[in-house]
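Report on the following structure.
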Amino acid sequence: MAKVTIIGATGRLGSFASHPIAGIPHVDEVLLMGRPGRENLLAGLAHDLTDSCAARGIWTEISSSTSEEDCADSDIIVITAGAPRHEGQDRIDLALANARIIRPIAESVGRHAPNAIVLMVSNPVDVMTAVALRYSGMEPKQVFGLGTHLDSMRLKALIADYFHVHVSEVHTRIIGEHGESMVPLWSATTIGGIRISNLPAFSGLPIDEMMQRVKSSGSFIIKNSGATIYGPGDAIATLVQTILGNENRILTVSSYIKSEVHNVGDTCIGVPARVNRRGVSPVPIRIEESELEAFRESVGKIRGITREILEKLE
Ligand SMILES: NC(=O)c1ccc[n+]([C@@H]2O[C@H](COP(=O)([O-])OP(=O)(O)OC[C@H]3O[C@@H](n4cnc5c(N)ncnc54)[C@H](O)[C@@H]3O)[C@@H](O)[C@H]2O)c1
Ligand SMILES: O=C(O)C[C@H](O)C(=O)O
């Protein structure tokens, strides 16, 4: 059984994500962590979530804390602390301010829970994953980000809708930045096990419109309802379940890569990775030339911003 700590639990995403996480069968303890001064809010959330567990007929111990040392013995630490973007902002605009929030959190996690697996969610997620990796002092397999998993799920839903098939029939991936330069891998997209480009209907697929919808999903939701909550919250829970269930699923998450994709990398970015109880390991892949070109650009962008932010944090 496992302990999962959520740092940023008073926020909209952290508090929602705690709900599906508390229902994962491998989880017997959820710790809601927040900043000093938020004790009452955390206590209220913990009480409410305890009631939810009772209503669902499950027994998971829910606790709350503002003391960083309480994350000790966590199996997984989910980090959602930090500012979200507002309408009109890019995720990258949050980079320096959120890096200054993530650095001390990562240092504390590395000190108190050096054997945990860290799932970074705060944006810009690829850059924050690199900050957490650097300042936690943990291994690359232990520190990863939600990356383009959510984008891949968004594209999957659009493809399933277009072809009128169940989502489980669609396999697709978006790699690269969780942001403007993300890259869809049509070469790795299948419907019912058949490569999408081998289906006659593929020629009519509105690829550009679909990608535009995926890229603007976050800003659309933020503009209309204030924050993205259910999509990322359930995506976080899927990752927690995959790790604790030692499921060896290949999911598209932000991981540190060096040589896995045509030797492009030296940064944390969304790539297909094996996810299990030991953490995350990027899967070596070969992609088509046009996809590689776009991926190279995405990596260059994120590597440049990451270096700049890490230098400013020194
Ligand atoms: N990667 C993704 O797909 C994805 C999806 C949704 C949200 N996010 C990101 O998650 C983060 C949280 O989003 P939200 O909607 O829950 O925001 P929110 O404003 O509702 O919550 C922010 C949380 O961060 C905490 N926090 C803020 N400043 C802090 C500081 N200096 N030290 C410690 N904690 C601090 C707050 O107390 C709160 O718990 C944002 O960065 C957002 O962009 C990422
Ligand atoms: O779009 C955002 O800022 C939140 C998140 O990254 C998302 O894609 O839902």
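Scheme for the structure tokens: letters A, B, ... for chains in order shown; per-chain residue numbers from 1; ligand numbers from 1 in order shown.
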Which residues sit within 9 Å of ligand 1, counting only C-alpha atoms and all ligand atoms, listed as a short mmCIF file (atom, residue, chain, number, x, y, z; two decimals) with N, CA and C atoms, in the first residue's frame?
data_model
loop_
_atom_site.label_atom_id
_atom_site.label_comp_id
_atom_site.auth_asym_id
_atom_site.auth_seq_id
_atom_site.Cartn_x
_atom_site.Cartn_y
_atom_site.Cartn_z
N ILE A 7 1.31 18.30 -3.08
CA ILE A 7 1.82 19.62 -2.65
C ILE A 7 1.17 20.67 -3.56
N GLY A 8 0.35 21.51 -2.94
CA GLY A 8 -0.47 22.45 -3.72
C GLY A 8 -1.93 22.05 -3.59
N ALA A 9 -2.21 21.31 -2.50
CA ALA A 9 -3.54 20.69 -2.33
C ALA A 9 -4.67 21.68 -2.08
N THR A 10 -4.34 22.94 -1.74
CA THR A 10 -5.43 23.90 -1.55
C THR A 10 -5.88 24.51 -2.88
N GLY A 11 -5.10 24.27 -3.94
CA GLY A 11 -5.44 24.84 -5.24
C GLY A 11 -6.58 24.06 -5.91
N ARG A 12 -7.05 24.63 -7.01
CA ARG A 12 -8.19 23.99 -7.68
C ARG A 12 -7.83 22.61 -8.22
N LEU A 13 -6.66 22.50 -8.86
CA LEU A 13 -6.29 21.20 -9.42
C LEU A 13 -5.88 20.21 -8.33
N GLY A 14 -5.04 20.68 -7.39
CA GLY A 14 -4.58 19.78 -6.33
C GLY A 14 -5.75 19.22 -5.53
N SER A 15 -6.72 20.06 -5.21
CA SER A 15 -7.83 19.56 -4.39
C SER A 15 -8.70 18.60 -5.21
N PHE A 16 -8.91 18.90 -6.50
CA PHE A 16 -9.71 17.94 -7.28
C PHE A 16 -8.96 16.62 -7.45
N MET A 33 -0.91 18.69 1.29
CA MET A 33 0.05 19.67 1.82
C MET A 33 -0.17 21.05 1.23
N GLY A 34 0.04 22.04 2.08
CA GLY A 34 -0.11 23.42 1.62
C GLY A 34 0.82 24.33 2.39
N ARG A 35 0.71 25.63 2.07
CA ARG A 35 1.60 26.60 2.72
C ARG A 35 1.12 26.91 4.14
N PRO A 36 2.07 27.26 5.04
CA PRO A 36 1.67 27.70 6.38
C PRO A 36 0.64 28.82 6.27
N ARG A 38 -2.51 28.03 5.80
CA ARG A 38 -3.67 27.39 5.15
C ARG A 38 -4.18 26.19 5.96
N ILE A 79 3.07 17.43 -7.47
CA ILE A 79 3.25 18.87 -7.21
C ILE A 79 2.37 19.70 -8.14
N THR A 80 1.42 20.38 -7.53
CA THR A 80 0.54 21.28 -8.31
C THR A 80 0.65 22.72 -7.78
N ALA A 81 1.66 22.98 -6.95
CA ALA A 81 1.81 24.33 -6.38
C ALA A 81 2.30 25.30 -7.44
N GLY A 82 1.80 26.50 -7.39
CA GLY A 82 2.27 27.53 -8.32
C GLY A 82 1.13 28.23 -9.01
N ALA A 83 1.45 29.34 -9.65
CA ALA A 83 0.41 30.14 -10.28
C ALA A 83 -0.09 29.48 -11.56
N PRO A 84 -1.38 29.55 -11.81
CA PRO A 84 -1.91 29.13 -13.11
C PRO A 84 -1.89 30.33 -14.05
N ARG A 85 -2.00 30.09 -15.34
CA ARG A 85 -2.04 31.25 -16.26
C ARG A 85 -3.45 31.82 -16.30
N HIS A 86 -3.50 33.08 -16.70
CA HIS A 86 -4.80 33.73 -16.88
C HIS A 86 -5.03 33.91 -18.36
N ARG A 91 1.73 29.58 -21.10
CA ARG A 91 2.25 28.87 -19.92
C ARG A 91 3.69 29.31 -19.62
N LEU A 94 4.75 31.89 -17.06
CA LEU A 94 4.78 31.57 -15.62
C LEU A 94 6.14 31.05 -15.18
N ALA A 97 8.50 32.81 -12.22
CA ALA A 97 7.80 32.90 -10.93
C ALA A 97 7.55 31.50 -10.37
N ASN A 98 7.11 30.58 -11.21
CA ASN A 98 6.83 29.23 -10.69
C ASN A 98 8.12 28.47 -10.37
N ARG A 100 10.66 29.74 -9.05
CA ARG A 100 11.06 30.20 -7.70
C ARG A 100 10.21 29.53 -6.61
N ILE A 101 9.01 29.10 -6.97
CA ILE A 101 8.17 28.36 -6.02
C ILE A 101 8.61 26.89 -5.97
N ILE A 102 8.92 26.33 -7.14
CA ILE A 102 9.24 24.89 -7.22
C ILE A 102 10.61 24.58 -6.63
N PRO A 104 12.40 25.58 -3.88
CA PRO A 104 12.45 25.15 -2.47
C PRO A 104 11.61 23.90 -2.19
N ILE A 105 10.53 23.74 -2.94
CA ILE A 105 9.71 22.53 -2.75
C ILE A 105 10.54 21.30 -3.14
N MET A 120 5.44 16.09 -11.52
CA MET A 120 5.31 17.55 -11.62
C MET A 120 4.12 17.90 -12.52
N VAL A 121 3.33 18.86 -12.06
CA VAL A 121 2.17 19.28 -12.84
C VAL A 121 2.19 20.79 -13.10
N SER A 122 2.80 21.54 -12.19
CA SER A 122 2.81 23.01 -12.32
C SER A 122 3.40 23.42 -13.66
N ASN A 123 2.90 24.51 -14.21
CA ASN A 123 3.33 24.97 -15.54
C ASN A 123 4.39 26.05 -15.49
N PRO A 124 5.19 26.19 -16.56
CA PRO A 124 5.23 25.33 -17.75
C PRO A 124 5.87 23.99 -17.37
N VAL A 125 5.12 22.93 -17.56
CA VAL A 125 5.44 21.66 -16.89
C VAL A 125 6.80 21.08 -17.28
N ASP A 126 7.22 21.26 -18.54
CA ASP A 126 8.52 20.70 -18.95
C ASP A 126 9.66 21.40 -18.21
N GLY A 145 7.08 14.76 -15.51
CA GLY A 145 5.98 15.71 -15.55
C GLY A 145 4.79 15.17 -16.34
N LEU A 146 3.65 15.79 -16.12
CA LEU A 146 2.44 15.35 -16.82
C LEU A 146 2.61 15.48 -18.34
N GLY A 147 3.48 16.41 -18.75
CA GLY A 147 3.91 16.50 -20.15
C GLY A 147 2.76 16.60 -21.13
N THR A 148 2.86 15.81 -22.21
CA THR A 148 1.84 15.85 -23.26
C THR A 148 0.84 14.69 -23.13
N HIS A 149 0.79 14.09 -21.95
CA HIS A 149 -0.21 13.02 -21.76
C HIS A 149 -1.63 13.58 -21.92
N LEU A 150 -1.88 14.72 -21.29
CA LEU A 150 -3.23 15.31 -21.39
C LEU A 150 -3.53 15.74 -22.83
N ASP A 151 -2.53 16.31 -23.51
CA ASP A 151 -2.73 16.70 -24.92
C ASP A 151 -3.04 15.47 -25.77
N HIS A 178 4.51 20.73 -23.73
CA HIS A 178 3.10 20.89 -23.37
C HIS A 178 2.81 22.37 -23.61
N GLY A 218 -6.63 24.27 -23.17
CA GLY A 218 -6.39 24.88 -21.86
C GLY A 218 -6.90 26.31 -21.82
N ILE A 222 -9.87 27.82 -19.49
CA ILE A 222 -9.55 28.89 -18.53
C ILE A 222 -10.43 30.13 -18.80
N GLY A 226 -12.45 29.23 -15.86
CA GLY A 226 -11.48 29.67 -14.86
C GLY A 226 -10.25 28.79 -14.70
N ALA A 227 -10.41 27.47 -14.82
CA ALA A 227 -9.24 26.59 -14.60
C ALA A 227 -9.53 25.22 -15.21
N THR A 228 -8.47 24.53 -15.63
CA THR A 228 -8.64 23.15 -16.08
C THR A 228 -8.46 22.25 -14.86
N ILE A 229 -9.45 21.42 -14.61
CA ILE A 229 -9.47 20.66 -13.36
C ILE A 229 -9.70 19.17 -13.61
N TYR A 230 -10.84 18.84 -14.23
CA TYR A 230 -11.20 17.41 -14.35
C TYR A 230 -10.23 16.66 -15.26
N GLY A 231 -9.90 17.26 -16.42
CA GLY A 231 -9.00 16.59 -17.37
C GLY A 231 -7.65 16.30 -16.73
N PRO A 232 -6.93 17.36 -16.28
CA PRO A 232 -5.64 17.07 -15.66
C PRO A 232 -5.75 16.27 -14.37
N GLY A 233 -6.82 16.49 -13.60
CA GLY A 233 -6.97 15.75 -12.33
C GLY A 233 -7.05 14.26 -12.57
N ALA A 235 -6.07 12.75 -15.31
CA ALA A 235 -4.81 12.32 -15.94
C ALA A 235 -3.75 12.05 -14.87
N ILE A 236 -3.71 12.89 -13.85
CA ILE A 236 -2.77 12.68 -12.73
C ILE A 236 -3.08 11.34 -12.06
#
Env of range 264-277 of chain A: 9 Å cut, atoms = only C-alpha atoms, seq-sep filter 3 positions within chain, self excluded. Answer as number ranges by chain. A: 117, 125-130, 144-149, 173-178, 182, 239, 242-261, 280-285, 292, 295-296, 298-300, 302-303, 306
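CA of Ala237 in chain A to CA of Leu32 in chain A spans 14.7 Å [interatomic distance, one decimal].
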CA of His112 in chain A and atom 6 (O, counted along the ligand's line) of ligand 2 are how many Å apart? 27.8 Å
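Proximity to Pro200 in chain A was assessed for A:Asp73, A:Lys215, A:His26, A:Phe163 counting only C-alpha atoms; the smallest distance is recorded for A:Phe163.
The shortest atom-to-atom distance to Leu310 in chain A, with only C-alpha atoms taken into account, belongs to A:Val131 out of A:Leu119, A:Val131, A:Ala17, A:Ala113.
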Would you mind listing what lies within 12 Å of Ser108 in chain A as JSON, numbers by chain, with only C-alpha atoms counted and same-chain residues fewer than 5 positions away left out? {"A": [7, 67, 68, 69, 70, 71, 72, 77, 101, 102, 103, 113, 114, 132, 135, 136, 137, 138]}
Restricting the calculation to only C-alpha atoms and all ligand atoms: of A:Glu308, A:Glu297, A:Glu87, A:Glu289, which residue gets closest to ligand 2? A:Glu87
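You will find CA of Val4 in chain A at 9.1 Å from CA of Ser18 in chain A.
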